[in-house]
Amino acid sequence: MGRIYLKQATHRPDTDAGEVQETVRAILSEIEAGGDGAARDYAAKFDRYDGPILLSEEDIAAACALVPEQLKADIRFAQNNVRRFAEMQKASLTDCEMEIVPGLMAGQKSIPVRAAGCYVPGGRYSHIASAIMTVTTAKVAGCNHITACSPPRAGQGIAPAIIYATHLAGADTIMAMGGVQGVAAMAFGLFGLPPANILVGPGNQFVAEAKRHLYGRVGIDMIAGPTDSLILADAEADPMMVAVDLVGQAEHGYNSPVWLVTDSRALAEEVMALVPGLIADLPEMNRQSAEAAWRDYGEVILCGTREEMAATSDDYAPEHLTVQAEDLDWWRDRLSCYGSLFLGEETTVAFGDKATGTNHVLPTSGAAAYTGGLSVHKYMKIVTWQRATRDGARPIAEATARISRLEGMEGHARSADIRLAKYFPGEEFDLKAHPA
């Protein structure tokens with residue numbers, strides 16, 4: 001049957017990339033040259049904030065006191081789930097070693113990066129969950145210093161709930177600074193902070209571009225675009241449940257794609273009939289985002305079989321992938337390209353976004369075809385080591401010398417030669433290149 005588009009996107013998520021790149025490049029250059037003062041100037045310009053940049057213990061305590069007890073309990077619940085899941089992930093990384101040849105041992109070791117910079121969005125929405133997701137995983141990984149930065153609101157500073165969540169998760173420093181200037185401050189080690197070895201966390205197109213520009217100089221979690229979500233649903237799925245989940249993800253932003261892939265025309269048509277009313281019932285700001293996202297980027301795709309549905313999903317490689325269909329084990333085993341997978345109507349992307357324990361910093365724009373999301377592993381370096389006895393070094397040195405000479409790398413060959421000469425004096429070795 002192939003794919004039939006009952007609703008097809010008229011737009012593709014993109015931005016004025018060239019203009020954004022030039023703007024970000026200029027800001028980063030000015031801040032690197034101008035240091036703390038330049039970062040403060042940009043904070044005053046973009047954040048309209050002139051308060052303290054680094055929060056003191058007193059500032060943190062005062063903010064935490066403003067957070068209602070029920071919200072504190074919810075944040076603790078979510079943070080505990082994220083921490084325990086991250087601990088399980090860390091336990092899956094084990095140091096190991098093996099004897100490659102008699103007398104030569106080689107191994108791997110996991111080492112956390114020294115300093116992490118975590119960006120926590122706080123403009124349009126107060127991303128409490130992002131503070132939990134980014135800082136908790138860095139803490140479990142064992143980073144020596146964790147800086148969290150979040151955009152302050154004019155005359156108010158960072159939202160108290162973000163401060164509470166960030167502090168609870170284990171941030172060593174909380175910085176009231178957003179946008180490119182916040183990313184730059186963490187990367188360059190401004191305000192007396194250690195320069196970040198890795199920058200993580202979601203943000204707008206300027207934050208994403210700043211991370212992209214700095215990548216290589218520092219590590220990053222990923223280059224993120226607009227969030228996207230795909231639902232795989234069969235004829236047994238609940239149309240209202242599917243429609244609500246699509247709308248819930250469309251509210252992220254005007255350019256956040258949501259896709260439904262199904263083998264049931266009846267389900268598809270009922271979902272398409274339900275979505276407009278669900279969007280109209282949202283608060284105004286959320287409604288405007290969801291309307292534009294559904295109108296311009298939403299898609300409904302009809303397939304003939306569940307295999308076609310799975311293949312379509314893998315081609316899209318969505319950030320969030322939900323399955324509301326029978327035989328969930330089949331789908332889990334078959335699907336291969338997604339940031340995070342939600343199996344059955346009893347769970348939903350919103351659960352993962354806020355409180356399940358799995359991370360919500362995930363690959364977008366098809367990047368799930370080649371990478372996963374933020375995890376403890378992103379903060380870890382997998383390094384290798386080796387040591388040898390003199391007898392163990394012998395066959396390695398012989399092969400190294402011959403391969404090196406064949407490649408034309410005489411200096412490498414002589415590093416092997418000298419060891420053979422020292423460890424086995426008087427012996428003859430065939431160390432010449434042997435061209436094919």
# chains A, B, ... in the order shown; residues from 1 in each chain; ligands from 1

call {"tool": "residues_around", "arguments": {"residues": "Lys211 of chain A", "least_positions_apart": "6", "cutoff": "8 Å", "atoms": "only C-alpha atoms", "output": "ChimeraX atom specification"}}
result
/A:183,199,220,223

call {"tool": "select_by_dssp", "arguments": {"residues": "segment 167-269 of chain A", "states": "alpha helix (DSSP H)", "output": "ChimeraX atom specification"}}
result
/A:167-169,179-188,205-214,239-250,265-269

call {"tool": "residues_around", "arguments": {"residues": "Ala243 of chain A", "least_positions_apart": "3", "cutoff": "6 Å", "atoms": "only C-alpha atoms", "output": "tab-separated table (two decimals) with all heavy atoms, in the first residue's frame"}}
result
chain	number	residue	atom	x	y	z
A	240	MET	N	-9.14	9.61	21.36
A	240	MET	CA	-9.00	10.78	22.23
A	240	MET	C	-7.63	10.80	22.89
A	240	MET	O	-6.99	11.85	23.00
A	240	MET	CB	-10.10	10.79	23.29
A	240	MET	CG	-10.01	11.97	24.25
A	240	MET	SD	-10.14	13.60	23.43
A	240	MET	CE	-11.91	13.67	23.14
A	246	LEU	N	-0.92	14.19	20.98
A	246	LEU	CA	-0.40	15.01	19.87
A	246	LEU	C	-0.44	16.48	20.23
A	246	LEU	O	0.53	17.22	20.05
A	246	LEU	CB	-1.20	14.74	18.60
A	246	LEU	CG	-0.99	13.40	17.90
A	246	LEU	CD1	-2.03	13.21	16.81
A	246	LEU	CD2	0.42	13.31	17.31
A	271	VAL	N	-9.09	11.15	14.92
A	271	VAL	CA	-8.07	11.96	15.58
A	271	VAL	C	-8.01	13.35	14.94
A	271	VAL	O	-7.97	14.38	15.64
A	271	VAL	CB	-6.69	11.27	15.51
A	271	VAL	CG1	-5.59	12.23	15.96
A	271	VAL	CG2	-6.67	10.02	16.39
A	275	VAL	N	-8.52	16.93	17.13
A	275	VAL	CA	-7.39	17.82	17.45
A	275	VAL	C	-7.76	19.30	17.48
A	275	VAL	O	-7.40	20.01	18.44
A	275	VAL	CB	-6.21	17.56	16.48
A	275	VAL	CG1	-5.19	18.70	16.55
A	275	VAL	CG2	-5.53	16.25	16.83

call {"tool": "atom_distance", "arguments": {"atom1": "atom CA of Glu236 of chain A", "atom2": "atom CA of Ala325 of chain A"}}
result
6.6 Å

call {"tool": "closest_residue", "arguments": {"among": "A:His320, A:Cys96, A:Ala9, A:Tyr379", "to": "His145 of chain A", "atoms": "only C-alpha atoms"}}
result
A:Tyr379

call {"tool": "residues_around", "arguments": {"residues": "Asp263 of chain A", "least_positions_apart": "2", "cutoff": "8 Å", "atoms": "only C-alpha atoms", "output": "list in words"}}
result
Ala233, Asp234, Ala235, Val261, Arg265, Leu302, Cys303, Gly304, Thr305, Arg306 and Met309 of chain A

call {"tool": "write_last_selection", "arguments": {"atoms": "N, CA and C atoms", "output": "compact mmCIF listing (two decimals), in the first residue's frame"}}
result
# COMPACT_ATOMS: atom_id res chain seq x y z
N ALA A 233 -0.14 4.20 16.09
CA ALA A 233 -1.39 3.76 16.68
C ALA A 233 -2.12 2.83 15.72
N ASP A 234 -2.67 1.74 16.26
CA ASP A 234 -3.45 0.84 15.43
C ASP A 234 -4.94 1.07 15.67
N ALA A 235 -5.78 0.21 15.10
CA ALA A 235 -7.22 0.40 15.17
C ALA A 235 -7.76 0.28 16.59
N VAL A 261 1.17 8.03 12.78
CA VAL A 261 1.32 6.97 11.78
C VAL A 261 0.42 5.82 12.21
N ARG A 265 -7.64 3.98 8.86
CA ARG A 265 -8.17 5.24 8.35
C ARG A 265 -9.22 5.81 9.31
N LEU A 302 -1.08 7.19 6.70
CA LEU A 302 -1.77 5.91 6.69
C LEU A 302 -0.88 4.86 6.02
N CYS A 303 -0.67 3.74 6.71
CA CYS A 303 0.15 2.64 6.19
C CYS A 303 -0.70 1.38 6.08
N GLY A 304 -0.19 0.41 5.30
CA GLY A 304 -0.93 -0.82 5.09
C GLY A 304 -0.70 -1.87 6.15
N THR A 305 0.48 -1.90 6.75
CA THR A 305 0.84 -2.93 7.73
C THR A 305 1.62 -2.30 8.87
N ARG A 306 1.76 -3.08 9.94
CA ARG A 306 2.55 -2.55 11.06
C ARG A 306 4.02 -2.47 10.69
N MET A 309 4.41 0.79 9.12
CA MET A 309 4.37 1.81 10.17
C MET A 309 5.73 1.93 10.86

call {"tool": "closest_residue", "arguments": {"among": "A:Leu104, A:Ala224, A:Ile418, A:Ala210", "to": "Thr23 of chain A", "atoms": "only C-alpha atoms"}}
result
A:Ala210

call {"tool": "residues_around", "arguments": {"residues": "Gln79 of chain A", "least_positions_apart": "6", "cutoff": "10 Å", "atoms": "only C-alpha atoms", "output": "PyMOL selection string"}}
result
chain A and resi 73+85+129+131-133+135-137+165-166+168-169+354-357

call {"tool": "write_last_selection", "arguments": {"atoms": "C-alpha atoms", "output": "JSON list (two decimals), in the first residue's frame"}}
result
[["chain", "number", "residue", "atom", "x", "y", "z"],
["A", 73, "ALA", "CA", 7.50, 17.08, 47.12],
["A", 85, "PHE", "CA", 17.77, 5.71, 36.67],
["A", 129, "ALA", "CA", 12.37, 19.33, 34.80],
["A", 131, "ALA", "CA", 17.18, 21.39, 35.92],
["A", 132, "ILE", "CA", 16.52, 17.93, 37.30],
["A", 133, "MET", "CA", 17.49, 16.09, 34.11],
["A", 135, "VAL", "CA", 22.20, 18.47, 36.89],
["A", 136, "THR", "CA", 21.22, 15.14, 38.47],
["A", 137, "THR", "CA", 22.89, 13.10, 35.73],
["A", 165, "ALA", "CA", 15.26, 21.92, 41.68],
["A", 166, "THR", "CA", 18.78, 22.87, 40.62],
["A", 168, "LEU", "CA", 18.34, 19.74, 45.12],
["A", 169, "ALA", "CA", 19.92, 18.06, 42.08],
["A", 354, "LYS", "CA", 8.76, 15.45, 33.85],
["A", 355, "ALA", "CA", 9.02, 12.56, 36.26],
["A", 356, "THR", "CA", 9.59, 9.00, 34.98],
["A", 357, "GLY", "CA", 13.36, 9.02, 35.44]]

call {"tool": "residues_around", "arguments": {"residues": "Ala39 of chain A", "least_positions_apart": "6", "cutoff": "8 Å", "atoms": "only C-alpha atoms", "output": "list of chain:residue names"}}
result
A:Ile31, A:Gln181, A:Gly182, A:Ala184, A:Ala185

call {"tool": "atom_distance", "arguments": {"atom1": "atom CA of Asp391 of chain A", "atom2": "atom CA of Arg405 of chain A"}}
result
22.2 Å

call {"tool": "residues_around", "arguments": {"residues": "Ser126 of chain A", "least_positions_apart": "3", "cutoff": "8 Å", "atoms": "only C-alpha atoms", "output": "list in words"}}
result
Pro121, Gly122, Gly123, Ala159 and Ile162 of chain A

call {"tool": "select_by_dssp", "arguments": {"residues": "segment 13-220 of chain A", "states": "strand (DSSP E or B)", "output": "JSON, numbers by chain"}}
result
{"A": [54, 96, 97, 98, 99, 100, 101, 104, 105, 106, 107, 108, 109, 110, 111, 112, 115, 116, 117, 118, 119, 145, 146, 147, 148, 149, 150, 153, 157, 173, 174, 175, 176, 198, 199, 200, 215, 218, 219, 220]}

call {"tool": "atom_distance", "arguments": {"atom1": "atom CA of Ala266 of chain A", "atom2": "atom CA of Gly339 of chain A"}}
result
28.6 Å

call {"tool": "closest_residue", "arguments": {"among": "A:Val300, A:Val247, A:Val361, A:Ala399", "to": "Leu278 of chain A", "atoms": "only C-alpha atoms"}}
result
A:Val247

call {"tool": "closest_residue", "arguments": {"among": "A:Gly277, A:Gly35, A:Gly51, A:Gly344", "to": "Gly155 of chain A", "atoms": "only C-alpha atoms"}}
result
A:Gly51
